[in-house]
$ cat structure36.csv   # CSV, C-alpha atoms and all ligand atoms
chain,number,residue,atom,x,y,z
A,1,MET,CA,123.5,102.1,136.6
A,2,THR,CA,120.5,99.8,136.2
A,3,GLN,CA,120.8,96.0,136.9
A,4,THR,CA,122.5,94.0,134.1
A,5,GLN,CA,119.8,92.7,131.7
A,6,LYS,CA,120.0,90.4,128.7
A,7,ILE,CA,118.6,91.9,125.5
A,8,LEU,CA,117.9,90.3,122.1
A,9,VAL,CA,118.7,92.8,119.2
A,10,THR,CA,117.3,92.0,115.8
A,11,GLY,CA,118.8,93.9,112.8
A,12,ALA,CA,122.0,93.9,115.0
A,13,THR,CA,124.3,93.9,112.0
A,14,GLY,CA,122.5,96.9,110.4
A,15,THR,CA,123.2,100.7,110.5
A,16,VAL,CA,121.1,101.2,113.6
A,17,GLY,CA,121.3,97.8,115.2
A,18,ARG,CA,125.1,98.0,115.6
A,19,HIS,CA,124.6,101.2,117.7
A,20,VAL,CA,121.8,99.5,119.7
A,21,VAL,CA,124.3,96.8,120.5
A,22,ALA,CA,127.1,99.2,121.3
A,23,GLU,CA,124.9,101.4,123.6
A,24,LEU,CA,123.6,98.4,125.5
A,25,LEU,CA,127.2,97.0,126.0
A,26,ALA,CA,128.3,100.5,127.1
A,27,ARG,CA,125.6,100.5,129.8
A,28,GLY,CA,126.9,97.1,131.0
A,29,HIS,CA,124.1,94.9,129.6
A,30,GLU,CA,124.4,91.5,128.0
A,31,VAL,CA,123.5,91.4,124.3
A,32,ARG,CA,122.3,88.5,122.1
A,33,ALA,CA,122.3,89.4,118.4
A,34,LEU,CA,120.1,87.8,115.8
A,35,THR,CA,121.5,87.4,112.2
A,36,ARG,CA,120.8,85.2,109.3
A,37,ASP,CA,124.5,84.6,108.9
A,38,ALA,CA,126.7,84.5,112.1
A,39,ALA,CA,129.9,84.1,110.1
A,40,LYS,CA,129.4,87.6,108.5
A,41,ALA,CA,128.0,89.4,111.6
A,42,GLY,CA,131.3,91.1,112.6
A,43,LEU,CA,130.0,92.1,116.1
A,44,PRO,CA,132.0,92.8,119.2
A,45,ALA,CA,133.4,89.6,120.9
A,46,GLN,CA,131.2,90.0,124.0
A,47,VAL,CA,128.0,89.7,121.9
A,48,GLU,CA,126.3,86.3,121.8
A,49,VAL,CA,125.5,85.9,118.1
A,50,VAL,CA,122.7,83.6,117.2
A,51,GLU,CA,121.2,82.7,113.8
A,52,GLY,CA,117.5,83.2,113.0
A,53,ASP,CA,115.2,84.7,110.4
A,54,LEU,CA,112.3,87.0,111.2
A,55,THR,CA,110.4,85.7,108.3
A,56,GLU,CA,110.4,82.3,110.1
A,57,PRO,CA,109.3,83.2,113.7
A,58,GLY,CA,109.9,79.5,114.8
A,59,THR,CA,113.6,80.2,114.6
A,60,LEU,CA,113.2,83.0,117.3
A,61,ALA,CA,112.2,80.9,120.3
A,62,PRO,CA,115.7,79.7,121.2
A,63,ALA,CA,117.1,83.2,120.6
A,64,LEU,CA,114.5,84.7,123.1
A,65,GLU,CA,115.2,82.3,125.9
A,66,GLY,CA,116.2,84.3,129.1
A,67,VAL,CA,116.0,87.8,127.6
A,68,THR,CA,114.1,90.6,129.3
A,69,GLY,CA,114.1,93.0,126.3
A,70,LEU,CA,113.8,92.8,122.5
A,71,HIS,CA,114.7,95.3,119.8
A,72,LEU,CA,112.8,94.7,116.6
A,73,ILE,CA,113.1,95.8,113.0
A,74,THR,CA,109.9,95.6,111.0
A,75,PHE,CA,111.2,94.3,107.7
A,76,GLY,CA,112.8,91.1,106.4
A,77,GLY,CA,114.9,90.6,103.3
A,78,ALA,CA,115.7,92.8,100.4
A,79,ALA,CA,114.1,96.2,99.8
A,80,PHE,CA,112.8,96.5,103.4
A,81,THR,CA,109.8,94.3,102.7
A,82,PRO,CA,107.5,94.6,105.7
A,83,LEU,CA,107.4,91.4,107.8
A,84,GLU,CA,104.0,89.6,107.7
A,85,THR,CA,105.0,87.6,110.7
A,86,GLY,CA,104.4,90.3,113.3
A,87,PRO,CA,101.8,88.6,115.5
A,88,ARG,CA,103.7,85.4,115.6
A,89,ILE,CA,107.0,87.2,116.5
A,90,LEU,CA,105.1,89.0,119.3
A,91,GLU,CA,103.5,85.8,120.6
A,92,THR,CA,106.9,84.1,120.7
A,93,ALA,CA,108.4,87.1,122.6
A,94,ARG,CA,105.5,87.1,125.1
A,95,SER,CA,105.8,83.3,125.7
A,96,ALA,CA,109.5,83.8,126.4
A,97,GLY,CA,108.7,86.4,129.1
A,98,VAL,CA,110.0,89.5,127.3
A,99,ARG,CA,109.0,92.6,129.3
A,100,ARG,CA,110.2,95.4,127.1
A,101,ILE,CA,110.2,95.9,123.3
A,102,THR,CA,111.6,98.6,121.1
A,103,VAL,CA,110.5,98.8,117.4
A,104,LEU,CA,112.4,100.7,114.8
A,105,HIS,CA,109.6,102.4,112.8
A,106,GLY,CA,110.0,101.9,109.0
A,107,GLY,CA,108.2,105.0,107.7
A,108,GLY,CA,104.6,103.6,107.6
A,109,PRO,CA,102.3,101.0,109.3
A,110,THR,CA,103.5,97.4,109.3
A,111,PRO,CA,101.9,94.2,110.7
A,112,LEU,CA,104.7,93.9,113.3
A,113,GLU,CA,104.5,97.4,114.6
A,114,ASP,CA,100.7,97.2,114.6
A,115,ALA,CA,100.8,94.0,116.7
A,116,VAL,CA,103.3,95.6,119.1
A,117,ARG,CA,101.2,98.7,119.6
A,118,ALA,CA,98.1,96.6,120.3
A,119,ASP,CA,99.9,94.6,123.1
A,120,ASP,CA,99.2,95.7,126.6
A,121,THR,CA,101.2,93.0,128.3
A,122,VAL,CA,104.7,94.4,127.5
A,123,ASP,CA,106.3,97.8,127.8
A,124,TRP,CA,106.7,98.8,124.1
A,125,THR,CA,108.4,101.9,122.7
A,126,VAL,CA,108.2,102.9,119.0
A,127,LEU,CA,111.4,104.6,117.8
A,128,MET,CA,110.6,107.0,115.0
A,129,PRO,CA,113.9,108.4,113.6
A,130,VAL,CA,114.1,110.9,110.9
A,131,GLU,CA,116.7,110.7,108.1
A,132,PHE,CA,119.9,109.0,109.3
A,133,MET,CA,123.2,110.9,109.1
A,134,ALA,CA,124.7,107.7,107.7
A,135,ASN,CA,122.8,108.3,104.5
A,136,ALA,CA,125.7,110.7,103.7
A,137,LEU,CA,127.8,107.5,103.1
A,138,GLU,CA,126.0,107.3,99.8
A,139,TRP,CA,128.2,110.3,98.8
A,140,VAL,CA,131.5,108.4,99.4
A,141,ASP,CA,132.1,107.3,95.8
A,142,GLY,CA,131.3,110.7,94.2
A,143,ILE,CA,133.5,112.6,96.8
A,144,VAL,CA,136.4,110.2,96.5
A,145,ALA,CA,136.3,110.1,92.7
A,146,SER,CA,135.6,113.7,91.8
A,147,GLY,CA,135.0,115.8,94.9
A,148,GLU,CA,131.3,116.1,94.0
A,149,VAL,CA,127.9,115.5,95.6
A,150,ARG,CA,125.1,115.2,93.0
A,151,GLU,CA,121.7,115.5,94.6
A,152,PRO,CA,118.2,116.7,93.8
A,153,PHE,CA,116.2,119.1,96.0
A,154,VAL,CA,119.3,120.6,97.6
A,155,THR,CA,117.4,123.2,99.6
A,156,ARG,CA,115.3,120.6,101.4
A,157,LEU,CA,115.5,120.7,105.2
A,158,SER,CA,116.4,117.8,107.4
A,159,ALA,CA,116.7,117.3,111.1
A,160,MET,CA,118.8,114.2,110.5
A,161,VAL,CA,119.8,112.1,113.3
A,162,HIS,CA,123.0,110.3,114.4
A,163,GLU,CA,122.5,106.5,114.4
A,164,GLY,CA,124.3,106.4,117.7
A,165,ASP,CA,121.5,108.5,119.3
A,166,ILE,CA,118.8,106.1,118.0
A,167,GLY,CA,120.8,103.3,119.6
A,168,ALA,CA,121.1,105.2,122.8
A,169,VAL,CA,117.4,105.9,123.0
A,170,ALA,CA,116.7,102.2,122.3
A,171,ALA,CA,119.2,101.1,125.0
A,172,VAL,CA,117.5,103.2,127.7
A,173,ALA,CA,114.0,102.3,126.6
A,174,LEU,CA,114.9,98.6,126.7
A,175,THR,CA,116.5,98.6,130.2
A,176,GLU,CA,114.9,101.4,132.2
A,177,GLU,CA,111.4,102.1,133.6
A,178,GLY,CA,109.1,104.8,132.2
A,179,HIS,CA,109.2,104.3,128.4
A,180,GLY,CA,106.2,101.9,128.0
A,181,ARG,CA,103.5,102.8,125.4
A,182,GLN,CA,105.7,105.7,124.1
A,183,GLU,CA,106.6,106.7,120.6
A,184,TYR,CA,109.7,108.9,120.2
A,185,VAL,CA,110.4,111.0,117.2
A,186,ILE,CA,114.2,110.9,117.2
A,187,THR,CA,116.1,113.8,115.5
A,188,GLY,CA,119.4,115.5,115.5
A,189,PRO,CA,119.9,118.9,117.2
A,190,GLU,CA,119.7,121.1,114.1
A,191,VAL,CA,118.0,121.5,110.7
A,192,LEU,CA,120.3,121.3,107.7
A,193,THR,CA,120.0,121.8,104.0
A,194,VAL,CA,122.0,119.5,101.6
A,195,GLY,CA,124.3,122.4,101.1
A,196,ASP,CA,124.9,122.7,104.9
A,197,LYS,CA,125.7,119.0,105.1
A,198,VAL,CA,128.2,119.3,102.2
A,199,THR,CA,129.9,122.3,103.8
A,200,THR,CA,130.2,120.4,107.1
A,201,LEU,CA,131.6,117.3,105.4
A,202,ALA,CA,134.1,119.3,103.4
A,203,ALA,CA,135.4,120.9,106.6
A,204,ALA,CA,135.8,117.5,108.3
A,205,VAL,CA,137.4,115.8,105.3
A,206,GLY,CA,139.7,118.8,104.6
A,207,ARG,CA,138.9,119.2,100.8
A,208,GLU,CA,136.5,121.2,98.7
A,209,ILE,CA,133.3,119.4,97.8
A,210,ALA,CA,131.1,120.7,95.0
A,211,LEU,CA,127.4,120.4,95.2
A,212,VAL,CA,125.8,119.7,91.8
A,213,GLU,CA,122.0,119.9,91.8
A,214,LEU,CA,120.2,117.2,89.8
A,215,THR,CA,116.8,117.8,88.3
A,216,GLU,CA,113.9,115.5,89.4
A,217,GLU,CA,114.2,113.7,86.0
A,218,GLN,CA,117.9,113.1,86.6
A,219,ALA,CA,117.3,111.8,90.1
A,220,LEU,CA,114.6,109.4,88.8
A,221,ALA,CA,116.9,108.1,86.1
A,222,ARG,CA,119.6,107.5,88.7
A,223,TRP,CA,117.3,105.7,91.2
A,224,ARG,CA,115.9,103.6,88.3
A,225,ALA,CA,119.5,102.8,87.1
A,226,ALA,CA,120.2,101.6,90.7
A,227,TYR,CA,117.1,99.2,90.4
A,228,LEU,CA,115.3,100.9,93.3
A,229,PRO,CA,111.7,99.5,93.4
A,230,GLU,CA,109.1,102.1,92.2
A,231,ASP,CA,107.5,102.3,95.7
A,232,VAL,CA,110.9,103.2,97.2
A,233,ILE,CA,111.4,105.8,94.4
A,234,ASP,CA,107.9,107.3,95.2
A,235,PHE,CA,108.8,107.4,98.9
A,236,LEU,CA,112.1,109.2,98.1
A,237,LEU,CA,110.4,111.7,95.8
A,238,GLU,CA,107.9,112.6,98.6
A,239,ALA,CA,110.5,112.6,101.4
A,240,TYR,CA,113.0,114.8,99.5
A,241,GLY,CA,110.6,116.9,97.4
A,242,ASN,CA,108.1,117.5,100.0
A,243,THR,CA,109.8,116.7,103.4
A,244,PRO,CA,107.0,116.4,106.0
A,245,GLU,CA,107.2,118.7,109.0
A,246,VAL,CA,108.3,115.9,111.3
A,247,GLY,CA,111.4,115.4,109.2
A,248,ARG,CA,112.5,119.0,109.4
A,249,THR,CA,111.7,119.8,113.1
A,250,VAL,CA,114.1,119.2,116.0
A,251,SER,CA,112.6,117.0,118.8
A,252,ASP,CA,114.0,116.8,122.3
A,253,ALA,CA,113.7,113.0,122.6
A,254,VAL,CA,117.4,112.2,122.7
A,255,GLU,CA,118.1,114.6,125.5
A,256,LYS,CA,115.0,113.7,127.4
A,257,VAL,CA,115.5,109.9,127.2
A,258,THR,CA,119.3,109.7,127.4
A,259,GLY,CA,120.1,112.8,129.5
A,260,ARG,CA,122.6,114.2,127.0
A,261,PRO,CA,122.2,116.3,123.9
A,262,ALA,CA,121.8,114.8,120.4
A,263,ARG,CA,125.0,114.5,118.4
A,264,THR,CA,125.6,117.0,115.6
A,265,PHE,CA,126.4,116.3,111.9
A,266,ALA,CA,129.8,117.9,112.5
A,267,GLN,CA,130.5,115.2,115.1
A,268,TRP,CA,129.3,112.5,112.7
A,269,ALA,CA,131.4,113.9,109.9
A,270,ALA,CA,134.6,114.1,112.1
A,271,ALA,CA,134.1,110.4,113.0
A,272,HIS,CA,133.6,109.3,109.4
A,273,ALA,CA,135.9,111.6,107.6
A,274,ASP,CA,138.3,108.8,106.6
A,275,ALA,CA,135.6,107.1,104.6
A,276,PHE,CA,135.5,110.1,102.3
A,277,ARG,CA,139.2,110.2,101.7
A,278,PRO,CA,140.9,108.2,98.8
B,301,LIG,N1,117.9,105.5,106.2
B,301,LIG,C1,117.1,106.3,106.8
B,301,LIG,O1,117.3,107.6,106.7
B,301,LIG,C2,115.9,105.9,107.6
B,301,LIG,C3,115.2,106.8,108.4
B,301,LIG,C4,114.2,106.4,109.2
B,301,LIG,C5,113.8,105.1,109.3
B,301,LIG,N2,114.6,104.1,108.6
B,301,LIG,C6,114.2,102.7,108.7
B,301,LIG,O2,115.3,102.0,109.3
B,301,LIG,C7,115.2,100.7,108.8
B,301,LIG,C8,116.5,100.2,108.3
B,301,LIG,O3,117.5,100.1,109.4
B,301,LIG,P1,119.0,100.0,109.1
B,301,LIG,O4,119.4,101.0,108.1
B,301,LIG,O5,119.7,99.9,110.4
B,301,LIG,O6,119.0,98.5,108.3
B,301,LIG,P2,120.2,97.9,107.5
B,301,LIG,O7,121.5,98.6,107.8
B,301,LIG,O8,119.7,97.8,106.1
B,301,LIG,O9,120.3,96.4,108.1
B,301,LIG,C9,119.4,95.5,107.8
B,301,LIG,C10,119.3,94.5,109.0
B,301,LIG,O10,118.1,93.7,108.9
B,301,LIG,C11,118.5,92.4,109.2
B,301,LIG,N3,117.5,91.5,108.5
B,301,LIG,C12,117.1,91.7,107.2
B,301,LIG,N4,116.2,90.7,106.9
B,301,LIG,C13,116.1,89.9,108.0
B,301,LIG,C14,115.4,88.7,108.3
B,301,LIG,N5,114.6,88.1,107.4
B,301,LIG,N6,115.6,88.1,109.5
B,301,LIG,C15,116.5,88.7,110.4
B,301,LIG,N7,117.2,89.8,110.2
B,301,LIG,C16,117.0,90.4,109.0
B,301,LIG,C17,119.9,92.2,108.7
B,301,LIG,O11,120.5,91.2,109.4
B,301,LIG,P3,121.4,90.0,108.7
B,301,LIG,O12,121.7,90.4,107.3
B,301,LIG,O13,122.6,90.0,109.6
B,301,LIG,O14,120.6,88.8,108.8
B,301,LIG,C18,120.5,93.6,109.1
B,301,LIG,O15,121.0,93.6,110.4
B,301,LIG,C19,114.1,100.6,107.8
B,301,LIG,O16,112.9,100.1,108.5
B,301,LIG,C20,113.9,102.0,107.4
B,301,LIG,O17,112.6,102.3,106.9
B,301,LIG,C21,115.6,104.5,107.8

$ encode --input "structure36.csv" --output "structure tokens" --more "lines below"
Ligand SMILES: NC(=O)c1ccc[n+]([C@@H]2O[C@H](COP(=O)([O-])OP(=O)(O)OC[C@H]3O[C@@H](n4cnc5c(N)ncnc54)[C@H](OP(=O)(O)O)[C@@H]3O)[C@@H](O)[C@H]2O)c1
Amino acid sequence: MTQTQKILVTGATGTVGRHVVAELLARGHEVRALTRDAAKAGLPAQVEVVEGDLTEPGTLAPALEGVTGLHLITFGGAAFTPLETGPRILETARSAGVRRITVLHGGGPTPLEDAVRADDTVDWTVLMPVEFMANALEWVDGIVASGEVREPFVTRLSAMVHEGDIGAVAAVALTEEGHGRQEYVITGPEVLTVGDKVTTLAAAVGREIALVELTEEQALARWRAAYLPEDVIDFLLEAYGNTPEVGRTVSDAVEKVTGRPARTFAQWAAAHADAFRP
């Protein structure tokens, strides 16, 4: 067990951030969580919740007082708009004496990640997860309503990762030596097709789930009907239709950094089965 440290987690109310918080608490560390709305945060009672906005770095200085580590997201606001405030956020963190930073990579270069990578005064670690297992929650409505998953590109391969493992890698990198100037591609322990995921989910939920393949045109129509911005649609088309090798190759980062194997989709499905039941 390392000495207790105080860490500021941004994006703490998000899919990954909640696990960063949980993994830090499980290791005995103190967590301060940044949110734009403390009343809605819904974080564990032992977390110190503070309000701030990454698009206004001035609000960060009080949140950073007394922390040794900082977990960063690279976006602010709707549609994952990359933060333009990266250099100021980093300057504020440095002035506060932060020694270690983790950055949740957002799929491409951002001003914040660029600023962190260029810094040689703190130990930074870039977390590069592949597809989150939690994306399967998008299937809840279809499964509950009609026992169906409707997806394009059903044979695409994914080494998808449990969000808890991203949180665990972050927690170790933020509190232990040896992870400075590293970037970790974080994946699950196996490569699955959409069909494999549906079969696993059906077994966990205890009902049959049909997989209906959508054409590319049907997928585009669905994403547009959901008002996804065109650049996000382009990203999805590329990620699903032509998954890069990194997204379909198992890495050993989780085991190397945390000392235990990456969690399987079967484990994720068992833990979330109730969400898929009426
Ligand atoms: N989904 C995937 O398969 C996948 C795979 C690889 C990488 N990623 C990357 O993961 C990231 C998304 O992570 P996530 O799913 O954990 O996020 P999320 O669940 O959408 O949560 C968004 C978080 O961002 C915070 N936030 C947004 N704007 C903010 C601002 N201006 N100031 C302070 N906090 C702000 C929110 O906090 P409050 O609302 O509490 O203020 C919330 O905690 C993206 O960069 C994405 O590219 C996703």

$ closest_residue --input "structure36.csv" --among "A:Leu83, A:Ala225, A:Val126, A:Ala173" --to "ligand LIG 301 (chain B)" --atoms "all atoms listed in the file"
A:Leu83

$ closest_residue --input "structure36.csv" --among "A:Leu211, A:Thr175, A:Gly11, A:Thr264" --to "Leu43 of chain A" --atoms "only C-alpha atoms"
A:Gly11

$ atom_distance --input "structure36.csv" --atom1 "atom CA of Gly247 of chain A" --atom2 "atom CA of Leu137 of chain A"
19.2 Å

$ atom_distance --input "structure36.csv" --atom1 "atom CA of Val212 of chain A" --atom2 "atom CA of Gly195 of chain A"
9.8 Å

$ closest_residue --input "structure36.csv" --among "A:Ala45, A:Leu220, A:Val149, A:Ala115" --to "Ala22 of chain A" --atoms "all atoms listed in the file"
A:Ala45

$ decode --input "structure36.csv" --residues "segment 92-170 of chain A" --atoms "C-alpha atoms" --output "mmCIF file, in the first residue's frame"
data_model
loop_
_atom_site.group_PDB
_atom_site.id
_atom_site.type_symbol
_atom_site.label_atom_id
_atom_site.label_comp_id
_atom_site.auth_asym_id
_atom_site.auth_seq_id
_atom_site.Cartn_x
_atom_site.Cartn_y
_atom_site.Cartn_z
ATOM 1 C CA THR A 92 -2.563 26.044 -12.916
ATOM 2 C CA ALA A 93 -1.758 22.425 -12.021
ATOM 3 C CA ARG A 94 1.988 23.071 -12.023
ATOM 4 C CA SER A 95 1.599 26.153 -9.819
ATOM 5 C CA ALA A 96 -0.426 24.081 -7.355
ATOM 6 C CA GLY A 97 2.446 21.562 -7.090
ATOM 7 C CA VAL A 98 0.779 18.636 -8.857
ATOM 8 C CA ARG A 99 3.356 15.880 -9.439
ATOM 9 C CA ARG A 100 1.437 13.317 -11.468
ATOM 10 C CA ILE A 101 -1.164 13.684 -14.218
ATOM 11 C CA THR A 102 -3.217 11.134 -16.143
ATOM 12 C CA VAL A 103 -5.026 12.171 -19.327
ATOM 13 C CA LEU A 104 -7.949 10.255 -20.810
ATOM 14 C CA HIS A 105 -7.157 10.278 -24.537
ATOM 15 C CA GLY A 106 -10.099 11.354 -26.671
ATOM 16 C CA GLY A 107 -9.271 9.581 -29.939
ATOM 17 C CA GLY A 108 -7.113 12.304 -31.500
ATOM 18 C CA PRO A 109 -4.768 15.169 -30.665
ATOM 19 C CA THR A 110 -6.165 17.893 -28.386
ATOM 20 C CA PRO A 111 -4.580 21.106 -27.081
ATOM 21 C CA LEU A 112 -4.718 19.759 -23.515
ATOM 22 C CA GLU A 113 -3.079 16.413 -24.266
ATOM 23 C CA ASP A 114 -0.453 18.153 -26.421
ATOM 24 C CA ALA A 115 0.358 20.530 -23.545
ATOM 25 C CA VAL A 116 0.663 17.651 -21.061
ATOM 26 C CA ARG A 117 2.919 15.627 -23.368
ATOM 27 C CA ALA A 118 5.209 18.641 -23.790
ATOM 28 C CA ASP A 119 5.630 19.059 -20.020
ATOM 29 C CA ASP A 120 8.806 17.676 -18.463
ATOM 30 C CA THR A 121 8.143 18.873 -14.919
ATOM 31 C CA VAL A 122 5.374 16.423 -13.999
ATOM 32 C CA ASP A 123 5.033 12.650 -14.398
ATOM 33 C CA TRP A 124 2.288 12.333 -17.005
ATOM 34 C CA THR A 125 0.588 9.213 -18.301
ATOM 35 C CA VAL A 126 -1.708 9.140 -21.326
ATOM 36 C CA LEU A 127 -4.515 6.588 -21.000
ATOM 37 C CA MET A 128 -5.575 5.339 -24.424
ATOM 38 C CA PRO A 129 -8.542 3.030 -23.968
ATOM 39 C CA VAL A 130 -10.202 1.255 -26.872
ATOM 40 C CA GLU A 131 -13.997 0.882 -27.073
ATOM 41 C CA PHE A 132 -15.678 0.910 -23.642
ATOM 42 C CA MET A 133 -17.758 -2.118 -22.610
ATOM 43 C CA ALA A 134 -20.264 0.430 -21.276
ATOM 44 C CA ASN A 135 -21.151 1.308 -24.876
ATOM 45 C CA ALA A 136 -23.328 -1.840 -24.708
ATOM 46 C CA LEU A 137 -25.710 0.184 -22.526
ATOM 47 C CA GLU A 138 -26.852 1.809 -25.783
ATOM 48 C CA TRP A 139 -28.599 -1.519 -26.422
ATOM 49 C CA VAL A 140 -30.743 -1.371 -23.266
ATOM 50 C CA ASP A 141 -33.878 0.105 -24.886
ATOM 51 C CA GLY A 142 -33.904 -2.316 -27.842
ATOM 52 C CA ILE A 143 -33.284 -5.357 -25.657
ATOM 53 C CA VAL A 144 -35.883 -4.412 -23.058
ATOM 54 C CA ALA A 145 -38.502 -3.438 -25.658
ATOM 55 C CA SER A 146 -38.104 -6.198 -28.241
ATOM 56 C CA GLY A 147 -35.157 -8.458 -27.382
ATOM 57 C CA GLU A 148 -33.187 -7.018 -30.309
ATOM 58 C CA VAL A 149 -29.831 -5.398 -30.971
ATOM 59 C CA ARG A 150 -29.714 -3.463 -34.254
ATOM 60 C CA GLU A 151 -26.167 -2.664 -35.356
ATOM 61 C CA PRO A 152 -24.147 -2.104 -38.527
ATOM 62 C CA PHE A 153 -20.818 -3.874 -39.190
ATOM 63 C CA VAL A 154 -21.667 -6.859 -36.966
ATOM 64 C CA THR A 155 -18.483 -8.774 -37.777
ATOM 65 C CA ARG A 156 -16.221 -5.933 -36.706
ATOM 66 C CA LEU A 157 -13.670 -6.922 -34.069
ATOM 67 C CA SER A 158 -13.183 -5.084 -30.794
ATOM 68 C CA ALA A 159 -10.804 -5.582 -27.864
ATOM 69 C CA MET A 160 -13.219 -3.563 -25.758
ATOM 70 C CA VAL A 161 -12.239 -2.614 -22.252
ATOM 71 C CA HIS A 162 -14.029 -2.587 -18.886
ATOM 72 C CA GLU A 163 -14.249 0.989 -17.583
ATOM 73 C CA GLY A 164 -13.137 -0.272 -14.179
ATOM 74 C CA ASP A 165 -9.820 -1.308 -15.681
ATOM 75 C CA ILE A 166 -9.273 2.175 -17.120
ATOM 76 C CA GLY A 167 -9.965 3.506 -13.625
ATOM 77 C CA ALA A 168 -7.550 1.005 -12.078
ATOM 78 C CA VAL A 169 -4.721 1.902 -14.463
ATOM 79 C CA ALA A 170 -5.352 5.595 -13.772
#
